[in-house]
Amino acid sequence: MQPLAGIHIVDFSTLLPGPLASLFLAEAGAEVIKIERPDIGDEMRTYEPRLGADSANFAMLNRGKGSVAIDLKAPDALVRLTPLLKRADVLIEQFRPGVMDRLGLGYDAVRAINDQIIYCSITGFGQRGPRHGMAGHDLNYLALTGLLSLAANKDGAPSMPPTPIADIAAGSYPAVVNILLALMHRQSTGQGSRLDISMTDSLFVLAYWGLANGFAAGRWPRAGAELVTGGSPRYQVYRTADGGYLSAAPIEQRFWNVFCRLISLDERFHDDSRDPANVIEAVTACISAKPTDHWRRVFANEDACCAVVASLAEAVEDPHFRAHNLFGRQTGTGLIRIPALPLPLADAFRDTVLTKLSPTLGADNHLLATLA
């Protein structure tokens, strides 16, 4: 039996943070019912590229879930949803603070129906504070928490992050962790919980090293000047002769010694403590003198913490990841299938059903009648 078998989740969230959180729970055995707008549904359904009637993104994030389409502004919405809310263990929502209250679905209203509910709200800024009602997206959250300032291009301008870091690392993951803790808490006390997941609050965890430097020594990190922000030759991305890139992270001295030997770095630059910028230039000259495949071969069997930068298309074909069968499960819509998102869940917690589809809009509306 999967660890979350028998757990019922009603998910009012859309797009990324909440749906990814509920996907984790669904893959561990929970029943997840998405609550969606009639006609349109989750906005993620409309994204590109298309995968049949919906989008590939939607199929990725909503594998194996159910769907109820209902107008939450309708006068009878709460009455119709009451059977689902009565049996629910967890409710997930990511509206701005106050929206669920105005819809008659706030924590107090739902708790009156089900006093053991675990009610999880995911927002950019939390349920209170000067910014609690402010609109925002991932890039804004990174900007306001100082993280974006540390990812600078050579001209000093912040660079674009490659993925929605706040949504995933500071939204989905904290939501999953706190929901699981709340389920354990309820198991021992019989009490539900009100969970307030603020993505901006959660982002500061990712800046642990900068906070340590700032709080303890008054040395707040700067872009391009610290170990992990580009200030050291031991943590850099170097361009190769044919336009490829080598990620080099030989931080520890034993790895640095190997690295210096393999790239034939002049001994004058082996001590990088006195003039890191000068050493970066010297290493850059070495790496840029040879093509990408040369460096791939050089570092292939060496303990130097170095790797050629792969494209995503190359990465999914990497023999190592293929050996882990990361993309062995499937999702899709209708008759179309694509590999499912490779969630970091232990095989022991997953079921043996390799193919599960994302739900068609309103596919489970019958539950509103059968559970009443």
# chains A, B, ... in the order shown; residues from 1 in each chain; ligands from 1
call {"tool": "residues_around", "arguments": {"residues": "range 238-246 of chain A", "least_positions_apart": "6", "cutoff": "9 Å", "atoms": "only C-alpha atoms", "output": "ChimeraX atom specification"}}
result
/A:283-284,286-293,295-296,306-310
call {"tool": "write_last_selection", "arguments": {"atoms": "N, CA and C atoms", "output": "PDB file, in the first residue's frame"}}
result
ATOM      1  N   VAL A 283      43.013  30.455 -16.426  1.00  0.00           N
ATOM      2  CA  VAL A 283      42.234  29.235 -16.664  1.00  0.00           C
ATOM      3  C   VAL A 283      41.381  29.399 -17.918  1.00  0.00           C
ATOM      4  N   THR A 284      40.789  30.569 -18.074  1.00  0.00           N
ATOM      5  CA  THR A 284      39.971  30.846 -19.261  1.00  0.00           C
ATOM      6  C   THR A 284      40.784  30.628 -20.533  1.00  0.00           C
ATOM      7  N   CYS A 286      43.343  28.658 -20.922  1.00  0.00           N
ATOM      8  CA  CYS A 286      43.596  27.225 -21.106  1.00  0.00           C
ATOM      9  C   CYS A 286      42.378  26.510 -21.687  1.00  0.00           C
ATOM     10  N   ILE A 287      41.227  26.764 -21.100  1.00  0.00           N
ATOM     11  CA  ILE A 287      40.011  26.056 -21.523  1.00  0.00           C
ATOM     12  C   ILE A 287      39.602  26.482 -22.932  1.00  0.00           C
ATOM     13  N   SER A 288      39.754  27.755 -23.230  1.00  0.00           N
ATOM     14  CA  SER A 288      39.327  28.259 -24.538  1.00  0.00           C
ATOM     15  C   SER A 288      40.244  27.819 -25.675  1.00  0.00           C
ATOM     16  N   ALA A 289      41.358  27.202 -25.341  1.00  0.00           N
ATOM     17  CA  ALA A 289      42.296  26.767 -26.373  1.00  0.00           C
ATOM     18  C   ALA A 289      41.955  25.406 -26.973  1.00  0.00           C
ATOM     19  N   LYS A 290      41.026  24.674 -26.339  1.00  0.00           N
ATOM     20  CA  LYS A 290      40.682  23.325 -26.804  1.00  0.00           C
ATOM     21  C   LYS A 290      39.172  23.202 -26.988  1.00  0.00           C
ATOM     22  N   PRO A 291      38.730  22.320 -27.913  1.00  0.00           N
ATOM     23  CA  PRO A 291      37.287  22.159 -28.147  1.00  0.00           C
ATOM     24  C   PRO A 291      36.596  21.377 -27.035  1.00  0.00           C
ATOM     25  N   THR A 292      35.290  21.391 -27.064  1.00  0.00           N
ATOM     26  CA  THR A 292      34.475  20.775 -26.018  1.00  0.00           C
ATOM     27  C   THR A 292      34.768  19.289 -25.852  1.00  0.00           C
ATOM     28  N   ASP A 293      34.842  18.552 -26.956  1.00  0.00           N
ATOM     29  CA  ASP A 293      35.066  17.109 -26.864  1.00  0.00           C
ATOM     30  C   ASP A 293      36.402  16.775 -26.211  1.00  0.00           C
ATOM     31  N   TRP A 295      37.794  18.426 -23.745  1.00  0.00           N
ATOM     32  CA  TRP A 295      37.622  18.533 -22.296  1.00  0.00           C
ATOM     33  C   TRP A 295      36.696  17.438 -21.767  1.00  0.00           C
ATOM     34  N   ARG A 296      35.734  17.014 -22.587  1.00  0.00           N
ATOM     35  CA  ARG A 296      34.866  15.908 -22.170  1.00  0.00           C
ATOM     36  C   ARG A 296      35.708  14.654 -21.936  1.00  0.00           C
ATOM     37  N   CYS A 306      34.297  18.415 -12.579  1.00  0.00           N
ATOM     38  CA  CYS A 306      34.132  19.175 -13.815  1.00  0.00           C
ATOM     39  C   CYS A 306      33.234  18.398 -14.776  1.00  0.00           C
ATOM     40  N   ALA A 307      32.429  19.128 -15.535  1.00  0.00           N
ATOM     41  CA  ALA A 307      31.535  18.492 -16.493  1.00  0.00           C
ATOM     42  C   ALA A 307      31.213  19.462 -17.619  1.00  0.00           C
ATOM     43  N   VAL A 308      31.155  18.929 -18.826  1.00  0.00           N
ATOM     44  CA  VAL A 308      30.729  19.736 -19.965  1.00  0.00           C
ATOM     45  C   VAL A 308      29.251  20.082 -19.798  1.00  0.00           C
ATOM     46  N   VAL A 309      28.880  21.301 -20.148  1.00  0.00           N
ATOM     47  CA  VAL A 309      27.488  21.740 -20.042  1.00  0.00           C
ATOM     48  C   VAL A 309      26.671  21.074 -21.144  1.00  0.00           C
ATOM     49  N   ALA A 310      25.667  20.291 -20.744  1.00  0.00           N
ATOM     50  CA  ALA A 310      24.811  19.586 -21.695  1.00  0.00           C
ATOM     51  C   ALA A 310      23.542  20.379 -21.943  1.00  0.00           C
TER      52      ALA A 310
END
call {"tool": "residues_around", "arguments": {"residues": "Arg186 in chain A", "least_positions_apart": "6", "cutoff": "9 Å", "atoms": "only C-alpha atoms", "output": "PyMOL selection string"}}
result
chain A and resi 116+118+192-193
call {"tool": "select_by_dssp", "arguments": {"residues": "range 47-155 of chain A", "states": "alpha helix (DSSP H)", "output": "PyMOL selection string"}}
result
chain A and resi 56-61+77-87+99-102+107-113+138-144
call {"tool": "atom_distance", "arguments": {"atom1": "CA of Gly332 in chain A", "atom2": "CA of Phe58 in chain A"}}
result
9.0 Å
call {"tool": "closest_residue", "arguments": {"among": "A:Ser247, A:Thr163, A:Ser232, A:Ser311", "to": "Val279 in chain A", "atoms": "only C-alpha atoms"}}
result
A:Ser232
call {"tool": "atom_distance", "arguments": {"atom1": "CA of Lys34 in chain A", "atom2": "CA of Pro162 in chain A"}}
result
27.8 Å
call {"tool": "residues_around", "arguments": {"residues": "Leu326 in chain A", "least_positions_apart": "5", "cutoff": "10 Å", "atoms": "only C-alpha atoms", "output": "MDAnalysis selection string"}}
result
chainID A and resid 316 320:321 339:344
call {"tool": "decode", "arguments": {"residues": "range 255-303 of chain A", "atoms": "N, CA and C atoms", "output": "PDB file, in the first residue's frame"}}
result
ATOM      1  N   PHE A 255      40.813  18.506  -5.445  1.00  0.00           N
ATOM      2  CA  PHE A 255      40.229  18.592  -6.779  1.00  0.00           C
ATOM      3  C   PHE A 255      40.907  19.684  -7.602  1.00  0.00           C
ATOM      4  N   TRP A 256      41.259  20.758  -6.939  1.00  0.00           N
ATOM      5  CA  TRP A 256      41.939  21.863  -7.619  1.00  0.00           C
ATOM      6  C   TRP A 256      43.300  21.406  -8.160  1.00  0.00           C
ATOM      7  N   ASN A 257      44.005  20.600  -7.385  1.00  0.00           N
ATOM      8  CA  ASN A 257      45.306  20.093  -7.838  1.00  0.00           C
ATOM      9  C   ASN A 257      45.155  19.257  -9.108  1.00  0.00           C
ATOM     10  N   VAL A 258      44.139  18.408  -9.142  1.00  0.00           N
ATOM     11  CA  VAL A 258      43.877  17.584 -10.329  1.00  0.00           C
ATOM     12  C   VAL A 258      43.499  18.466 -11.515  1.00  0.00           C
ATOM     13  N   PHE A 259      42.656  19.427 -11.259  1.00  0.00           N
ATOM     14  CA  PHE A 259      42.193  20.343 -12.303  1.00  0.00           C
ATOM     15  C   PHE A 259      43.366  21.086 -12.934  1.00  0.00           C
ATOM     16  N   CYS A 260      44.218  21.634 -12.111  1.00  0.00           N
ATOM     17  CA  CYS A 260      45.380  22.384 -12.618  1.00  0.00           C
ATOM     18  C   CYS A 260      46.274  21.507 -13.488  1.00  0.00           C
ATOM     19  N   ARG A 261      46.444  20.255 -13.059  1.00  0.00           N
ATOM     20  CA  ARG A 261      47.281  19.340 -13.835  1.00  0.00           C
ATOM     21  C   ARG A 261      46.644  19.007 -15.187  1.00  0.00           C
ATOM     22  N   LEU A 262      45.343  18.748 -15.178  1.00  0.00           N
ATOM     23  CA  LEU A 262      44.664  18.310 -16.405  1.00  0.00           C
ATOM     24  C   LEU A 262      44.567  19.405 -17.453  1.00  0.00           C
ATOM     25  N   ILE A 263      44.486  20.646 -17.024  1.00  0.00           N
ATOM     26  CA  ILE A 263      44.397  21.729 -18.021  1.00  0.00           C
ATOM     27  C   ILE A 263      45.769  22.328 -18.320  1.00  0.00           C
ATOM     28  N   SER A 264      46.809  21.773 -17.677  1.00  0.00           N
ATOM     29  CA  SER A 264      48.187  22.264 -17.857  1.00  0.00           C
ATOM     30  C   SER A 264      48.312  23.737 -17.489  1.00  0.00           C
ATOM     31  N   LEU A 265      47.741  24.100 -16.361  1.00  0.00           N
ATOM     32  CA  LEU A 265      47.811  25.479 -15.878  1.00  0.00           C
ATOM     33  C   LEU A 265      49.217  25.785 -15.373  1.00  0.00           C
ATOM     34  N   ASP A 266      49.755  26.889 -15.804  1.00  0.00           N
ATOM     35  CA  ASP A 266      51.086  27.316 -15.376  1.00  0.00           C
ATOM     36  C   ASP A 266      51.136  27.355 -13.843  1.00  0.00           C
ATOM     37  N   GLU A 267      52.243  26.842 -13.285  1.00  0.00           N
ATOM     38  CA  GLU A 267      52.374  26.751 -11.830  1.00  0.00           C
ATOM     39  C   GLU A 267      52.229  28.088 -11.128  1.00  0.00           C
ATOM     40  N   ARG A 268      52.486  29.152 -11.820  1.00  0.00           N
ATOM     41  CA  ARG A 268      52.362  30.481 -11.206  1.00  0.00           C
ATOM     42  C   ARG A 268      50.941  30.762 -10.742  1.00  0.00           C
ATOM     43  N   PHE A 269      49.954  30.051 -11.341  1.00  0.00           N
ATOM     44  CA  PHE A 269      48.549  30.338 -11.050  1.00  0.00           C
ATOM     45  C   PHE A 269      47.900  29.275 -10.170  1.00  0.00           C
ATOM     46  N   HIS A 270      48.692  28.334  -9.678  1.00  0.00           N
ATOM     47  CA  HIS A 270      48.107  27.280  -8.847  1.00  0.00           C
ATOM     48  C   HIS A 270      47.602  27.827  -7.523  1.00  0.00           C
ATOM     49  N   ASP A 271      48.271  28.821  -6.986  1.00  0.00           N
ATOM     50  CA  ASP A 271      47.799  29.475  -5.761  1.00  0.00           C
ATOM     51  C   ASP A 271      46.847  30.602  -6.170  1.00  0.00           C
ATOM     52  N   ASP A 272      45.561  30.345  -6.007  1.00  0.00           N
ATOM     53  CA  ASP A 272      44.562  31.324  -6.459  1.00  0.00           C
ATOM     54  C   ASP A 272      44.103  32.260  -5.352  1.00  0.00           C
ATOM     55  N   SER A 273      44.722  32.181  -4.174  1.00  0.00           N
ATOM     56  CA  SER A 273      44.258  32.978  -3.042  1.00  0.00           C
ATOM     57  C   SER A 273      44.653  34.452  -3.151  1.00  0.00           C
ATOM     58  N   ARG A 274      45.756  34.742  -3.827  1.00  0.00           N
ATOM     59  CA  ARG A 274      46.255  36.124  -3.857  1.00  0.00           C
ATOM     60  C   ARG A 274      45.569  36.982  -4.910  1.00  0.00           C
ATOM     61  N   ASP A 275      45.318  36.409  -6.080  1.00  0.00           N
ATOM     62  CA  ASP A 275      44.732  37.190  -7.172  1.00  0.00           C
ATOM     63  C   ASP A 275      43.776  36.312  -7.974  1.00  0.00           C
ATOM     64  N   PRO A 276      42.581  36.040  -7.429  1.00  0.00           N
ATOM     65  CA  PRO A 276      41.633  35.138  -8.107  1.00  0.00           C
ATOM     66  C   PRO A 276      41.289  35.587  -9.519  1.00  0.00           C
ATOM     67  N   ALA A 277      41.141  36.888  -9.733  1.00  0.00           N
ATOM     68  CA  ALA A 277      40.764  37.382 -11.062  1.00  0.00           C
ATOM     69  C   ALA A 277      41.817  37.034 -12.101  1.00  0.00           C
ATOM     70  N   ASN A 278      43.079  37.145 -11.733  1.00  0.00           N
ATOM     71  CA  ASN A 278      44.160  36.820 -12.641  1.00  0.00           C
ATOM     72  C   ASN A 278      44.191  35.329 -12.965  1.00  0.00           C
ATOM     73  N   VAL A 279      43.893  34.506 -11.959  1.00  0.00           N
ATOM     74  CA  VAL A 279      43.852  33.057 -12.165  1.00  0.00           C
ATOM     75  C   VAL A 279      42.670  32.682 -13.062  1.00  0.00           C
ATOM     76  N   ILE A 280      41.551  33.358 -12.885  1.00  0.00           N
ATOM     77  CA  ILE A 280      40.390  33.112 -13.756  1.00  0.00           C
ATOM     78  C   ILE A 280      40.770  33.365 -15.212  1.00  0.00           C
ATOM     79  N   GLU A 281      41.490  34.432 -15.450  1.00  0.00           N
ATOM     80  CA  GLU A 281      41.929  34.747 -16.819  1.00  0.00           C
ATOM     81  C   GLU A 281      42.842  33.647 -17.369  1.00  0.00           C
ATOM     82  N   ALA A 282      43.739  33.168 -16.523  1.00  0.00           N
ATOM     83  CA  ALA A 282      44.676  32.134 -16.969  1.00  0.00           C
ATOM     84  C   ALA A 282      43.943  30.825 -17.277  1.00  0.00           C
ATOM     85  N   VAL A 283      43.013  30.455 -16.426  1.00  0.00           N
ATOM     86  CA  VAL A 283      42.234  29.235 -16.664  1.00  0.00           C
ATOM     87  C   VAL A 283      41.381  29.399 -17.918  1.00  0.00           C
ATOM     88  N   THR A 284      40.789  30.569 -18.074  1.00  0.00           N
ATOM     89  CA  THR A 284      39.971  30.846 -19.261  1.00  0.00           C
ATOM     90  C   THR A 284      40.784  30.628 -20.533  1.00  0.00           C
ATOM     91  N   ALA A 285      42.018  31.095 -20.524  1.00  0.00           N
ATOM     92  CA  ALA A 285      42.887  30.924 -21.693  1.00  0.00           C
ATOM     93  C   ALA A 285      43.154  29.446 -21.974  1.00  0.00           C
ATOM     94  N   CYS A 286      43.343  28.658 -20.922  1.00  0.00           N
ATOM     95  CA  CYS A 286      43.596  27.225 -21.106  1.00  0.00           C
ATOM     96  C   CYS A 286      42.378  26.510 -21.687  1.00  0.00           C
ATOM     97  N   ILE A 287      41.227  26.764 -21.100  1.00  0.00           N
ATOM     98  CA  ILE A 287      40.011  26.056 -21.523  1.00  0.00           C
ATOM     99  C   ILE A 287      39.602  26.482 -22.932  1.00  0.00           C
ATOM    100  N   SER A 288      39.754  27.755 -23.230  1.00  0.00           N
ATOM    101  CA  SER A 288      39.327  28.259 -24.538  1.00  0.00           C
ATOM    102  C   SER A 288      40.244  27.819 -25.675  1.00  0.00           C
ATOM    103  N   ALA A 289      41.358  27.202 -25.341  1.00  0.00           N
ATOM    104  CA  ALA A 289      42.296  26.767 -26.373  1.00  0.00           C
ATOM    105  C   ALA A 289      41.955  25.406 -26.973  1.00  0.00           C
ATOM    106  N   LYS A 290      41.026  24.674 -26.339  1.00  0.00           N
ATOM    107  CA  LYS A 290      40.682  23.325 -26.804  1.00  0.00           C
ATOM    108  C   LYS A 290      39.172  23.202 -26.988  1.00  0.00           C
ATOM    109  N   PRO A 291      38.730  22.320 -27.913  1.00  0.00           N
ATOM    110  CA  PRO A 291      37.287  22.159 -28.147  1.00  0.00           C
ATOM    111  C   PRO A 291      36.596  21.377 -27.035  1.00  0.00           C
ATOM    112  N   THR A 292      35.290  21.391 -27.064  1.00  0.00           N
ATOM    113  CA  THR A 292      34.475  20.775 -26.018  1.00  0.00           C
ATOM    114  C   THR A 292      34.768  19.289 -25.852  1.00  0.00           C
ATOM    115  N   ASP A 293      34.842  18.552 -26.956  1.00  0.00           N
ATOM    116  CA  ASP A 293      35.066  17.109 -26.864  1.00  0.00           C
ATOM    117  C   ASP A 293      36.402  16.775 -26.211  1.00  0.00           C
ATOM    118  N   HIS A 294      37.387  17.639 -26.425  1.00  0.00           N
ATOM    119  CA  HIS A 294      38.679  17.426 -25.766  1.00  0.00           C
ATOM    120  C   HIS A 294      38.500  17.426 -24.258  1.00  0.00           C
ATOM    121  N   TRP A 295      37.794  18.426 -23.745  1.00  0.00           N
ATOM    122  CA  TRP A 295      37.622  18.533 -22.296  1.00  0.00           C
ATOM    123  C   TRP A 295      36.696  17.438 -21.767  1.00  0.00           C
ATOM    124  N   ARG A 296      35.734  17.014 -22.587  1.00  0.00           N
ATOM    125  CA  ARG A 296      34.866  15.908 -22.170  1.00  0.00           C
ATOM    126  C   ARG A 296      35.708  14.654 -21.936  1.00  0.00           C
ATOM    127  N   ARG A 297      36.651  14.391 -22.843  1.00  0.00           N
ATOM    128  CA  ARG A 297      37.520  13.222 -22.695  1.00  0.00           C
ATOM    129  C   ARG A 297      38.487  13.385 -21.527  1.00  0.00           C
ATOM    130  N   VAL A 298      39.030  14.567 -21.390  1.00  0.00           N
ATOM    131  CA  VAL A 298      40.028  14.813 -20.338  1.00  0.00           C
ATOM    132  C   VAL A 298      39.446  14.571 -18.954  1.00  0.00           C
ATOM    133  N   PHE A 299      38.214  15.040 -18.739  1.00  0.00           N
ATOM    134  CA  PHE A 299      37.631  14.958 -17.399  1.00  0.00           C
ATOM    135  C   PHE A 299      36.731  13.742 -17.191  1.00  0.00           C
ATOM    136  N   ALA A 300      36.591  12.904 -18.223  1.00  0.00           N
ATOM    137  CA  ALA A 300      35.618  11.809 -18.178  1.00  0.00           C
ATOM    138  C   ALA A 300      35.814  10.880 -16.984  1.00  0.00           C
ATOM    139  N   ASN A 301      37.050  10.525 -16.681  1.00  0.00           N
ATOM    140  CA  ASN A 301      37.296   9.543 -15.609  1.00  0.00           C
ATOM    141  C   ASN A 301      38.157  10.116 -14.491  1.00  0.00           C
ATOM    142  N   GLU A 302      38.071  11.418 -14.320  1.00  0.00           N
ATOM    143  CA  GLU A 302      38.900  12.087 -13.321  1.00  0.00           C
ATOM    144  C   GLU A 302      38.033  12.677 -12.196  1.00  0.00           C
ATOM    145  N   ASP A 303      38.541  12.614 -10.979  1.00  0.00           N
ATOM    146  CA  ASP A 303      37.873  13.267  -9.856  1.00  0.00           C
ATOM    147  C   ASP A 303      38.314  14.718  -9.797  1.00  0.00           C
TER     148      ASP A 303
END
